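Chemist: I'm passing along coords-v3.txt; it holds compact mmCIF, C-alpha atoms.
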```txt
# COMPACT_ATOMS: atom_id res chain seq x y z
CA MET A 1 -20.04 7.35 36.47
CA GLU A 2 -22.70 5.12 34.95
CA ALA A 3 -21.95 1.44 34.47
CA GLU A 4 -21.23 0.47 30.88
CA PRO A 5 -24.14 -1.43 29.30
CA PRO A 6 -23.50 -5.09 28.54
CA PRO A 7 -22.24 -5.71 25.03
CA THR A 8 -24.73 -6.64 22.33
CA PRO A 9 -23.72 -9.75 20.42
CA VAL A 10 -23.42 -9.25 16.70
CA SER A 11 -25.62 -11.10 14.23
CA PRO A 12 -24.42 -14.49 12.95
CA GLU A 13 -24.25 -13.00 9.46
CA PHE A 14 -21.97 -10.18 10.56
CA SER A 15 -19.84 -12.62 12.50
CA ALA A 16 -19.44 -14.92 9.49
CA LEU A 17 -18.72 -12.01 7.15
CA THR A 18 -15.98 -10.53 9.30
CA LEU A 19 -14.36 -13.85 10.12
CA ASP A 20 -14.27 -14.70 6.41
CA ALA A 21 -11.99 -11.68 6.02
CA LEU A 22 -9.62 -12.75 8.78
CA ASN A 23 -6.90 -13.94 6.40
CA ASP A 24 -6.97 -10.59 4.62
CA VAL A 25 -6.91 -8.63 7.86
CA HIS A 26 -4.05 -10.77 9.15
CA ARG A 27 -2.02 -10.22 5.98
CA PHE A 28 -2.61 -6.46 6.18
CA ALA A 29 -1.74 -6.43 9.87
CA TRP A 30 1.45 -8.35 9.14
CA SER A 31 2.41 -5.86 6.43
CA LEU A 32 1.94 -3.00 8.87
CA ALA A 33 3.53 -4.59 11.93
CA ARG A 34 6.20 -6.65 10.15
CA ASN A 35 6.38 -9.25 12.90
CA ALA A 36 4.13 -12.14 13.86
CA ALA A 37 3.43 -11.28 17.50
CA ASP A 38 2.49 -7.66 16.82
CA ALA A 39 0.40 -8.71 13.82
CA ASP A 40 -1.56 -11.19 15.95
CA ASP A 41 -2.20 -8.53 18.60
CA LEU A 42 -3.29 -6.13 15.90
CA VAL A 43 -5.76 -8.64 14.45
CA GLN A 44 -7.27 -9.38 17.86
CA GLU A 45 -7.67 -5.71 18.71
CA THR A 46 -9.15 -5.02 15.27
CA TYR A 47 -11.80 -7.70 15.72
CA LEU A 48 -12.56 -6.57 19.25
CA ARG A 49 -13.20 -3.02 18.05
CA ALA A 50 -15.09 -4.19 14.98
CA PHE A 51 -17.45 -6.33 17.04
CA ARG A 52 -17.94 -3.57 19.60
CA SER A 53 -18.83 -1.06 16.92
CA TRP A 54 -20.58 -3.37 14.48
CA ARG A 55 -23.51 -0.97 14.17
CA THR A 56 -21.24 1.50 12.36
CA PHE A 57 -20.79 -0.99 9.52
CA LEU A 58 -23.05 -0.18 6.60
CA PRO A 59 -24.64 -3.44 5.40
CA GLY A 60 -23.71 -4.15 1.80
CA SER A 61 -20.53 -2.09 1.92
CA ASP A 62 -17.03 -3.54 1.66
CA ILE A 63 -16.26 -5.38 4.90
CA ARG A 64 -12.54 -5.61 4.11
CA ARG A 65 -12.30 -1.86 3.65
CA TRP A 66 -14.06 -1.29 6.95
CA LEU A 67 -11.84 -3.77 8.81
CA PHE A 68 -8.69 -2.39 7.20
CA THR A 69 -9.64 1.11 8.36
CA ILE A 70 -10.03 -0.14 11.92
CA CYS A 71 -6.82 -2.15 11.69
CA ARG A 72 -4.78 0.82 10.51
CA ASN A 73 -6.24 3.08 13.19
CA VAL A 74 -5.38 0.52 15.87
CA TYR A 75 -1.87 0.23 14.45
CA LEU A 76 -1.29 3.98 14.43
CA ARG A 77 -2.63 4.41 17.96
CA ALA A 78 -0.38 1.63 19.22
CA ARG A 79 2.61 3.27 17.61
CA GLU A 80 1.70 6.64 19.09
CA ARG A 81 1.53 5.04 22.53
CA GLU A 82 4.96 3.56 22.01
CA GLN A 83 6.20 7.02 21.03
CA ARG A 84 8.09 5.68 18.09
CA TYR A 85 5.78 7.07 15.50
CA ALA A 86 6.73 10.36 13.94
CA PRO A 87 4.92 10.51 10.61
CA LEU A 88 6.44 12.61 7.90
CA GLN A 89 4.34 15.42 6.52
CA ASP A 90 2.97 14.91 3.04
CA ASP A 91 4.75 18.00 1.80
CA GLU A 92 7.97 17.39 3.69
CA GLY A 93 11.21 17.22 1.80
CA GLU A 94 11.63 17.50 -1.91
CA THR A 95 9.17 18.64 -4.50
CA LEU A 96 7.67 15.93 -6.68
CA GLN A 97 9.64 17.30 -9.61
CA ALA A 98 12.93 16.96 -7.72
CA VAL A 99 12.01 13.42 -6.69
CA GLU A 100 11.20 12.53 -10.30
CA GLN A 101 14.51 13.95 -11.52
CA ARG A 102 16.37 11.86 -8.98
CA ALA A 103 14.27 8.81 -9.88
CA ALA A 104 15.36 9.14 -13.50
CA SER A 105 18.99 8.93 -12.46
CA LEU A 106 18.15 6.01 -10.18
CA ARG A 107 16.64 4.13 -13.10
CA GLN A 108 19.75 4.75 -15.12
CA GLY A 109 22.03 3.61 -12.35
CA MET A 110 20.00 0.63 -11.28
CA GLY A 111 19.75 -0.93 -14.71
CA VAL A 112 18.04 -4.15 -15.59
CA ALA A 113 20.39 -6.26 -13.46
CA LEU A 114 18.64 -5.23 -10.27
CA LEU A 115 15.32 -6.34 -11.66
CA ARG A 116 16.69 -9.84 -12.22
CA LEU A 117 17.70 -10.33 -8.59
CA ASP A 118 15.55 -11.93 -5.93
CA LEU A 119 14.43 -8.68 -4.41
CA LYS A 120 12.00 -10.03 -1.84
CA PRO A 121 14.35 -9.73 1.17
CA ALA A 122 15.42 -6.26 0.07
CA VAL A 123 11.84 -5.13 -0.55
CA GLU A 124 10.80 -6.44 2.86
CA ARG A 125 13.62 -4.54 4.54
CA ALA A 126 12.75 -1.41 2.60
CA LEU A 127 9.08 -1.73 3.60
CA ASP A 128 10.16 -2.16 7.23
CA ALA A 129 12.02 1.12 7.03
CA LEU A 130 9.36 3.05 5.12
CA GLN A 131 7.72 5.65 7.32
CA GLU A 132 4.12 6.71 7.60
CA PRO A 133 2.17 8.10 5.88
CA PHE A 134 3.82 6.56 2.83
CA ARG A 135 3.94 3.06 4.28
CA SER A 136 0.18 2.55 4.53
CA ALA A 137 -0.43 3.92 1.04
CA VAL A 138 2.15 1.57 -0.48
CA ILE A 139 0.85 -1.43 1.47
CA LEU A 140 -2.78 -0.80 0.53
CA VAL A 141 -2.20 -0.22 -3.19
CA ASP A 142 0.92 -2.23 -3.99
CA LEU A 143 0.55 -5.19 -1.66
CA GLU A 144 -3.19 -5.35 -1.03
CA ASP A 145 -4.14 -4.26 -4.55
CA HIS A 146 -6.67 -1.65 -3.47
CA SER A 147 -7.77 1.09 -5.86
CA TYR A 148 -6.90 4.70 -5.09
CA ASP A 149 -10.55 5.24 -4.10
CA ASP A 150 -10.44 2.35 -1.63
CA ALA A 151 -7.14 3.53 -0.18
CA SER A 152 -8.57 7.04 0.10
CA ALA A 153 -11.54 5.73 2.10
CA ILE A 154 -9.37 3.56 4.37
CA LEU A 155 -6.82 6.30 5.02
CA GLY A 156 -9.42 9.06 5.29
CA VAL A 157 -7.58 11.36 2.88
CA PRO A 158 -8.36 12.63 -0.65
CA VAL A 159 -7.37 10.52 -3.66
CA GLY A 160 -4.78 13.13 -4.61
CA THR A 161 -3.08 12.64 -1.26
CA VAL A 162 -3.04 8.87 -1.79
CA ARG A 163 -1.43 9.46 -5.16
CA SER A 164 1.30 11.72 -3.81
CA ARG A 165 2.00 9.41 -0.84
CA LEU A 166 2.33 6.48 -3.23
CA PHE A 167 4.64 8.49 -5.45
CA ARG A 168 6.94 9.42 -2.59
CA GLY A 169 6.75 5.99 -0.96
CA ARG A 170 7.70 4.20 -4.14
CA ARG A 171 10.61 6.53 -4.75
CA ILE A 172 11.90 5.93 -1.23
CA LEU A 173 11.63 2.17 -1.80
CA GLN A 174 13.53 2.49 -5.06
CA GLU A 175 16.32 4.35 -3.30
CA GLN A 176 16.52 1.57 -0.73
CA LEU A 177 16.70 -1.03 -3.50
CA MET A 178 19.42 0.99 -5.18
CA ALA A 179 21.41 0.82 -1.95
CA PHE A 180 20.81 -2.93 -1.88
CA ALA A 181 22.13 -3.18 -5.45
CA ARG A 182 25.23 -1.20 -4.51
CA ASP A 183 25.82 -3.46 -1.51
CA ALA A 184 25.43 -6.47 -3.80
CA GLY A 185 28.16 -5.03 -6.01
CA LEU A 186 26.06 -4.70 -9.11
CA PRO A 187 28.13 -2.84 -11.70
CA GLY A 188 25.25 -0.62 -12.88
CA ALA A 189 24.32 0.43 -9.35
CA ARG A 190 26.62 3.30 -8.62
CA HIS A 191 26.37 6.83 -7.37
CA ASP A 192 26.20 9.22 -10.29
CA MET B 193 -7.26 14.16 -15.21
CA ILE B 194 -4.18 15.67 -16.75
CA ASP B 195 -4.58 17.33 -20.14
CA GLY B 196 -1.96 19.06 -22.17
CA PRO B 197 -0.52 19.59 -25.60
CA SER B 198 -0.23 16.52 -27.77
CA SER B 199 2.98 15.32 -29.30
CA PRO B 200 2.92 14.89 -33.08
CA THR B 201 5.44 12.05 -32.90
CA ALA B 202 4.20 9.87 -30.07
CA GLY B 203 0.41 9.71 -29.95
CA ALA B 204 -1.71 12.24 -28.13
CA LEU B 205 0.60 12.62 -25.11
CA SER B 206 3.95 14.32 -24.72
CA CYS B 207 6.69 12.45 -22.84
CA ALA B 208 6.26 14.78 -19.86
CA GLU B 209 2.54 14.05 -19.75
CA ALA B 210 3.16 10.34 -20.11
CA ALA B 211 5.61 10.42 -17.19
CA GLU B 212 3.09 12.32 -15.11
CA ILE B 213 0.35 9.72 -15.51
CA LEU B 214 2.57 6.64 -15.60
CA TRP B 215 1.73 5.45 -12.08
CA ASP B 216 -1.98 5.92 -12.73
CA TYR B 217 -1.56 3.86 -15.89
CA LEU B 218 0.28 1.07 -14.08
CA ASP B 219 -2.32 1.13 -11.29
CA ASP B 220 -5.25 0.89 -13.74
CA GLU B 221 -6.53 4.26 -12.57
CA LEU B 222 -6.84 6.00 -15.94
CA SER B 223 -10.04 6.53 -17.90
CA PRO B 224 -10.31 4.30 -21.01
CA GLU B 225 -9.49 7.32 -23.20
CA ARG B 226 -6.37 8.26 -21.26
CA GLU B 227 -5.29 4.64 -21.11
CA ALA B 228 -5.61 4.36 -24.89
CA ALA B 229 -3.58 7.56 -25.29
CA MET B 230 -0.91 6.17 -22.98
CA ARG B 231 -0.76 2.90 -24.91
CA ALA B 232 -0.39 4.83 -28.15
CA HIS B 233 2.41 6.91 -26.66
CA LEU B 234 4.26 3.85 -25.35
CA ALA B 235 3.95 2.14 -28.73
CA ALA B 236 5.66 5.11 -30.37
CA CYS B 237 8.20 6.15 -27.72
CA ARG B 238 11.01 3.79 -26.76
CA PRO B 239 12.39 5.79 -23.78
CA CYS B 240 8.93 6.02 -22.20
CA LEU B 241 8.36 2.33 -22.89
CA HIS B 242 11.60 1.51 -21.03
CA HIS B 243 10.55 3.78 -18.18
CA GLN B 244 7.21 1.96 -18.01
CA GLU B 245 8.90 -1.46 -18.08
CA PHE B 246 11.20 -0.44 -15.25
CA GLU B 247 8.40 0.84 -13.04
CA ARG B 248 6.23 -2.20 -13.75
CA ALA B 249 9.09 -4.54 -12.83
CA PHE B 250 9.58 -2.54 -9.65
CA LEU B 251 5.87 -2.81 -8.74
CA ASP B 252 5.96 -6.55 -9.46
CA ALA B 253 8.93 -6.89 -7.11
CA VAL B 254 7.07 -5.01 -4.37
CA ALA B 255 3.93 -7.10 -4.90
CA ARG B 256 5.97 -10.28 -4.43
CA ALA B 257 6.71 -9.16 -0.88
CA ARG B 258 3.03 -9.68 -0.05
CA SER B 259 2.56 -12.50 2.42
CA SER B 260 0.56 -15.41 1.05
CA ASP B 261 0.30 -17.23 4.37
CA PRO B 262 -3.20 -17.59 5.79
CA ALA B 263 -3.84 -16.48 9.35
CA PRO B 264 -2.63 -19.14 11.77
CA THR B 265 -5.39 -21.48 12.95
CA ALA B 266 -4.45 -20.67 16.54
CA LEU B 267 -4.99 -16.96 15.92
CA ARG B 268 -8.43 -17.55 14.42
CA ALA B 269 -9.34 -19.64 17.49
CA ARG B 270 -8.00 -16.94 19.84
CA VAL B 271 -10.03 -14.25 18.10
CA ILE B 272 -13.21 -16.33 18.33
CA ASP B 273 -12.57 -17.22 21.99
CA MET B 274 -11.94 -13.56 22.83
CA LEU B 275 -15.16 -12.44 21.12
CA HIS B 276 -17.14 -15.12 22.97
CA ALA B 277 -15.52 -14.12 26.26
CA GLN B 278 -16.48 -10.49 25.65
CA GLY B 279 -20.09 -11.47 24.97
CA LEU B 280 -19.81 -10.09 21.44
CA MET B 281 -20.27 -13.25 19.43
CA PRO B 282 -23.49 -15.23 19.19
```
Now, as a test, write the supplied structure out as structure tokens.
Modeler:
Amino acid sequence: MEAEPPPTPVSPEFSALTLDALNDVHRFAWSLARNAADADDLVQETYLRAFRSWRTFLPGSDIRRWLFTICRNVYLRAREREQRYAPLQDDEGETLQAVEQRAASLRQGMGVALLRLDLKPAVERALDALQEPFRSAVILVDLEDHSYDDASAILGVPVGTVRSRLFRGRRILQEQLMAFARDAGLPGARHD
Amino acid sequence: MIDGPSSPTAGALSCAEAAEILWDYLDDELSPEREAAMRAHLAACRPCLHHQEFERAFLDAVARARSSDPAPTALRARVIDMLHAQGLMP
């Protein structure tokens, strides 16, 4: 086997550009990993891979999008290695129509009271429990404020798939919040 | 883009069509024409307006779960040290 060539240092411009995005990458990594130690590892591995493959970055394109793509790939590979990653299929489970019908009854049951609560702890727990591939779509669009096009590029799937993953992911989150409301004893939050 | 029959009572969209494009509307993913049609529908249809308010409040609640903490200084230093050690950083 031939010896690996020594690494080529990146340009100062590339270095500055990527490190400027470190806060964004860290926040995204934290959203995916949901704990500080794993998020830090994820950020380090993301930067290592980014700097090793810096020639694949197209100058002038969105550096955050490129780093987020690497970060998510690193995250998924790590989860595969840990054998605790069993992504749901996009078409698994209910039809979109069935989900929408159930969502309508959720809205009725949940009522406005739920929306007045401090939902942050409940939302964080629900995000923790949300499975791939819905999790990444929700994080990218709802937490990171990416467009569907951006999310499509980062996830490597068509925009329509991003849309359906978001739809399912949000419905799953709403069901989790409904359970939270029931546990909190909200009168409107009941099984119908 | 989703096209369909218009409703004579609530702008150019029926309630079913409005429900179908609601997430796109809330995510600012509609064309200006479709967005205008959605606004017109919501202005004329109270149930759809309530639906929209609910989903927007839900999205706001999810967005508030976003971490606003910057990356720890120690992490930034570790990343830079690692890249130097790997010979990847000038």
Chemist: Write out, as JSON lines, each residue of chain B that has an atom at most 9 Å from chain A, together with the closest pair of atoms and their distance in Å to one decimal, counting only C-alpha atoms, rows going by chain and rising number.
Modeler:
```
{"residue": "B:Trp215", "atom": "CA", "partner": "A:Phe167", "partner_atom": "CA", "distance": 7.9}
{"residue": "B:Asp216", "atom": "CA", "partner": "A:Arg163", "partner_atom": "CA", "distance": 8.4}
{"residue": "B:Asp219", "atom": "CA", "partner": "A:Ser147", "partner_atom": "CA", "distance": 7.7}
{"residue": "B:Asp220", "atom": "CA", "partner": "A:Ser147", "partner_atom": "CA", "distance": 8.3}
{"residue": "B:Glu221", "atom": "CA", "partner": "A:Tyr148", "partner_atom": "CA", "distance": 7.5}
{"residue": "B:His243", "atom": "CA", "partner": "A:Arg107", "partner_atom": "CA", "distance": 7.9}
{"residue": "B:Phe246", "atom": "CA", "partner": "A:Arg107", "partner_atom": "CA", "distance": 7.4}
{"residue": "B:Glu247", "atom": "CA", "partner": "A:Arg107", "partner_atom": "CA", "distance": 8.9}
{"residue": "B:Ala249", "atom": "CA", "partner": "A:Leu115", "partner_atom": "CA", "distance": 6.6}
{"residue": "B:Phe250", "atom": "CA", "partner": "A:Leu115", "partner_atom": "CA", "distance": 7.2}
{"residue": "B:Leu251", "atom": "CA", "partner": "A:Asp142", "partner_atom": "CA", "distance": 6.9}
{"residue": "B:Asp252", "atom": "CA", "partner": "A:Asp142", "partner_atom": "CA", "distance": 8.6}
{"residue": "B:Ala253", "atom": "CA", "partner": "A:Leu119", "partner_atom": "CA", "distance": 6.4}
{"residue": "B:Val254", "atom": "CA", "partner": "A:Val123", "partner_atom": "CA", "distance": 6.1}
{"residue": "B:Ala255", "atom": "CA", "partner": "A:Leu143", "partner_atom": "CA", "distance": 5.1}
{"residue": "B:Arg256", "atom": "CA", "partner": "A:Lys120", "partner_atom": "CA", "distance": 6.6}
{"residue": "B:Ala257", "atom": "CA", "partner": "A:Lys120", "partner_atom": "CA", "distance": 5.4}
{"residue": "B:Arg258", "atom": "CA", "partner": "A:Leu143", "partner_atom": "CA", "distance": 5.4}
{"residue": "B:Ser259", "atom": "CA", "partner": "A:Arg27", "partner_atom": "CA", "distance": 6.2}
{"residue": "B:Ser260", "atom": "CA", "partner": "A:Arg27", "partner_atom": "CA", "distance": 7.6}
{"residue": "B:Asp261", "atom": "CA", "partner": "A:Arg27", "partner_atom": "CA", "distance": 7.6}
{"residue": "B:Pro262", "atom": "CA", "partner": "A:Asn23", "partner_atom": "CA", "distance": 5.2}
{"residue": "B:Ala263", "atom": "CA", "partner": "A:Asn23", "partner_atom": "CA", "distance": 5.0}
{"residue": "B:Pro264", "atom": "CA", "partner": "A:Asn23", "partner_atom": "CA", "distance": 8.6}
{"residue": "B:Leu267", "atom": "CA", "partner": "A:Asp40", "partner_atom": "CA", "distance": 6.7}
{"residue": "B:Arg268", "atom": "CA", "partner": "A:Leu22", "partner_atom": "CA", "distance": 7.5}
{"residue": "B:Arg270", "atom": "CA", "partner": "A:Gln44", "partner_atom": "CA", "distance": 7.8}
{"residue": "B:Val271", "atom": "CA", "partner": "A:Gln44", "partner_atom": "CA", "distance": 5.6}
{"residue": "B:Ile272", "atom": "CA", "partner": "A:Leu19", "partner_atom": "CA", "distance": 8.7}
{"residue": "B:Met274", "atom": "CA", "partner": "A:Leu48", "partner_atom": "CA", "distance": 7.9}
{"residue": "B:Leu275", "atom": "CA", "partner": "A:Leu48", "partner_atom": "CA", "distance": 6.7}
{"residue": "B:His276", "atom": "CA", "partner": "A:Pro9", "partner_atom": "CA", "distance": 8.9}
{"residue": "B:Gln278", "atom": "CA", "partner": "A:Pro7", "partner_atom": "CA", "distance": 7.5}
{"residue": "B:Gly279", "atom": "CA", "partner": "A:Pro9", "partner_atom": "CA", "distance": 6.1}
{"residue": "B:Leu280", "atom": "CA", "partner": "A:Pro9", "partner_atom": "CA", "distance": 4.1}
{"residue": "B:Met281", "atom": "CA", "partner": "A:Pro9", "partner_atom": "CA", "distance": 5.0}
{"residue": "B:Pro282", "atom": "CA", "partner": "A:Pro9", "partner_atom": "CA", "distance": 5.6}
```
Chemist: Separation of atom CA of Pro133 of chain A and atom CA of Ala78 of chain A, in Å?
Modeler: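 That distance, rounded to one decimal, is 15.0 Å.
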Chemist: Return the padded bounding box of segment 206-221 of chain B as AutoDock Vina command-line options: axis-aligned, built from all atoms listed in the file, 6 Å added on each side, with centre and edge lengths in Å to one decimal.
Modeler:
```
--center_x 0.1 --center_y 7.8 --center_z -18.0 --size_x 25.2 --size_y 25.9 --size_z 25.4
```
Chemist: Could you state the separation of atom CA of Ala211 of chain B and atom CA of Leu234 of chain B in Å, given to one decimal place?
Modeler: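 So the answer is 10.6 Å.
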Chemist: For the point (8.8, 5.9, -26.9) in file coordinates, what residues are within 12 Å, counting all atoms listed in the file? Give the answer as a ChimeraX atom specification?
Modeler: /B:199,201-203,205-208,210-211,230-245
Chemist: Write a file of the just-selected residues containing C-alpha atoms, as a JSON list (two decimals), in the coordinates of the input.
Modeler:
```json
[["chain", "number", "residue", "atom", "x", "y", "z"],
["B", 199, "SER", "CA", 2.98, 15.32, -29.30],
["B", 201, "THR", "CA", 5.44, 12.05, -32.90],
["B", 202, "ALA", "CA", 4.20, 9.87, -30.07],
["B", 203, "GLY", "CA", 0.41, 9.71, -29.95],
["B", 205, "LEU", "CA", 0.60, 12.62, -25.11],
["B", 206, "SER", "CA", 3.95, 14.32, -24.72],
["B", 207, "CYS", "CA", 6.69, 12.45, -22.84],
["B", 208, "ALA", "CA", 6.26, 14.78, -19.86],
["B", 210, "ALA", "CA", 3.16, 10.34, -20.11],
["B", 211, "ALA", "CA", 5.61, 10.42, -17.19],
["B", 230, "MET", "CA", -0.91, 6.17, -22.98],
["B", 231, "ARG", "CA", -0.76, 2.90, -24.91],
["B", 232, "ALA", "CA", -0.39, 4.83, -28.15],
["B", 233, "HIS", "CA", 2.41, 6.91, -26.66],
["B", 234, "LEU", "CA", 4.26, 3.85, -25.35],
["B", 235, "ALA", "CA", 3.95, 2.14, -28.73],
["B", 236, "ALA", "CA", 5.66, 5.11, -30.37],
["B", 237, "CYS", "CA", 8.20, 6.15, -27.72],
["B", 238, "ARG", "CA", 11.01, 3.79, -26.76],
["B", 239, "PRO", "CA", 12.39, 5.79, -23.78],
["B", 240, "CYS", "CA", 8.93, 6.02, -22.20],
["B", 241, "LEU", "CA", 8.36, 2.33, -22.89],
["B", 242, "HIS", "CA", 11.60, 1.51, -21.03],
["B", 243, "HIS", "CA", 10.55, 3.78, -18.18],
["B", 244, "GLN", "CA", 7.21, 1.96, -18.01],
["B", 245, "GLU", "CA", 8.90, -1.46, -18.08]]
```
Chemist: For a test of reading the model, state the distance in Å between atom CA of Phe134 of chain A and atom CA of Leu32 of chain A, rounded to one decimal.
Modeler: 11.5 Å
Chemist: When you look at Ser152 of chain A with a cut-off of 12 Å (counting only C-alpha atoms), what residues show up, excluding the ones that are within fewer than 2 positions of it in the same chain? I need them as a PDB file with C-alpha atoms, in the frame of the given file.
Modeler:
```
ATOM      1  CA  ARG A  65     -12.300  -1.860   3.650  1.00  0.00           C
ATOM      2  CA  PHE A  68      -8.690  -2.390   7.200  1.00  0.00           C
ATOM      3  CA  THR A  69      -9.640   1.110   8.360  1.00  0.00           C
ATOM      4  CA  SER A 136       0.180   2.550   4.530  1.00  0.00           C
ATOM      5  CA  ALA A 137      -0.430   3.920   1.040  1.00  0.00           C
ATOM      6  CA  LEU A 140      -2.780  -0.800   0.530  1.00  0.00           C
ATOM      7  CA  VAL A 141      -2.200  -0.220  -3.190  1.00  0.00           C
ATOM      8  CA  HIS A 146      -6.670  -1.650  -3.470  1.00  0.00           C
ATOM      9  CA  SER A 147      -7.770   1.090  -5.860  1.00  0.00           C
ATOM     10  CA  TYR A 148      -6.900   4.700  -5.090  1.00  0.00           C
ATOM     11  CA  ASP A 149     -10.550   5.240  -4.100  1.00  0.00           C
ATOM     12  CA  ASP A 150     -10.440   2.350  -1.630  1.00  0.00           C
ATOM     13  CA  ILE A 154      -9.370   3.560   4.370  1.00  0.00           C
ATOM     14  CA  LEU A 155      -6.820   6.300   5.020  1.00  0.00           C
ATOM     15  CA  GLY A 156      -9.420   9.060   5.290  1.00  0.00           C
ATOM     16  CA  VAL A 157      -7.580  11.360   2.880  1.00  0.00           C
ATOM     17  CA  PRO A 158      -8.360  12.630  -0.650  1.00  0.00           C
ATOM     18  CA  VAL A 159      -7.370  10.520  -3.660  1.00  0.00           C
ATOM     19  CA  GLY A 160      -4.780  13.130  -4.610  1.00  0.00           C
ATOM     20  CA  THR A 161      -3.080  12.640  -1.260  1.00  0.00           C
ATOM     21  CA  VAL A 162      -3.040   8.870  -1.790  1.00  0.00           C
ATOM     22  CA  ARG A 163      -1.430   9.460  -5.160  1.00  0.00           C
ATOM     23  CA  SER A 164       1.300  11.720  -3.810  1.00  0.00           C
ATOM     24  CA  ARG A 165       2.000   9.410  -0.840  1.00  0.00           C
ATOM     25  CA  LEU A 166       2.330   6.480  -3.230  1.00  0.00           C
TER      26      LEU A 166
END
```
Chemist: Got a minute to add N, CA and C atoms to segment 49-61 of chain A and dump it as an mmCIF file, in the frame of the given file?
Modeler:
```cif
data_model
loop_
_atom_site.group_PDB
_atom_site.id
_atom_site.type_symbol
_atom_site.label_atom_id
_atom_site.label_comp_id
_atom_site.auth_asym_id
_atom_site.auth_seq_id
_atom_site.Cartn_x
_atom_site.Cartn_y
_atom_site.Cartn_z
ATOM 1 N N ARG A 49 -12.580 -4.325 18.349
ATOM 2 C CA ARG A 49 -13.200 -3.020 18.050
ATOM 3 C C ARG A 49 -14.311 -3.160 17.010
ATOM 4 N N ALA A 50 -14.076 -4.008 16.025
ATOM 5 C CA ALA A 50 -15.090 -4.190 14.980
ATOM 6 C C ALA A 50 -16.383 -4.742 15.577
ATOM 7 N N PHE A 51 -16.246 -5.715 16.456
ATOM 8 C CA PHE A 51 -17.450 -6.330 17.040
ATOM 9 C C PHE A 51 -18.125 -5.388 18.042
ATOM 10 N N ARG A 52 -17.318 -4.528 18.669
ATOM 11 C CA ARG A 52 -17.940 -3.570 19.600
ATOM 12 C C ARG A 52 -18.667 -2.462 18.857
ATOM 13 N N SER A 53 -18.216 -2.170 17.657
ATOM 14 C CA SER A 53 -18.830 -1.060 16.920
ATOM 15 C C SER A 53 -19.497 -1.549 15.638
ATOM 16 N N TRP A 54 -20.036 -2.763 15.701
ATOM 17 C CA TRP A 54 -20.580 -3.370 14.480
ATOM 18 C C TRP A 54 -21.716 -2.564 13.886
ATOM 19 N N ARG A 55 -22.386 -1.754 14.715
ATOM 20 C CA ARG A 55 -23.510 -0.970 14.170
ATOM 21 C C ARG A 55 -23.026 0.132 13.230
ATOM 22 N N THR A 56 -21.746 0.460 13.268
ATOM 23 C CA THR A 56 -21.240 1.500 12.360
ATOM 24 C C THR A 56 -20.940 0.929 10.967
ATOM 25 N N PHE A 57 -21.017 -0.390 10.840
ATOM 26 C CA PHE A 57 -20.790 -0.990 9.520
ATOM 27 C C PHE A 57 -22.062 -0.880 8.688
ATOM 28 N N LEU A 58 -21.908 -0.363 7.502
ATOM 29 C CA LEU A 58 -23.050 -0.180 6.600
ATOM 30 C C LEU A 58 -23.272 -1.482 5.834
ATOM 31 N N PRO A 59 -24.405 -2.166 6.094
ATOM 32 C CA PRO A 59 -24.640 -3.440 5.400
ATOM 33 C C PRO A 59 -24.541 -3.267 3.884
ATOM 34 N N GLY A 60 -23.870 -4.199 3.259
ATOM 35 C CA GLY A 60 -23.710 -4.150 1.800
ATOM 36 C C GLY A 60 -22.438 -3.452 1.370
ATOM 37 N N SER A 61 -21.791 -2.726 2.295
ATOM 38 C CA SER A 61 -20.530 -2.090 1.920
ATOM 39 C C SER A 61 -19.379 -3.085 2.072
#
```
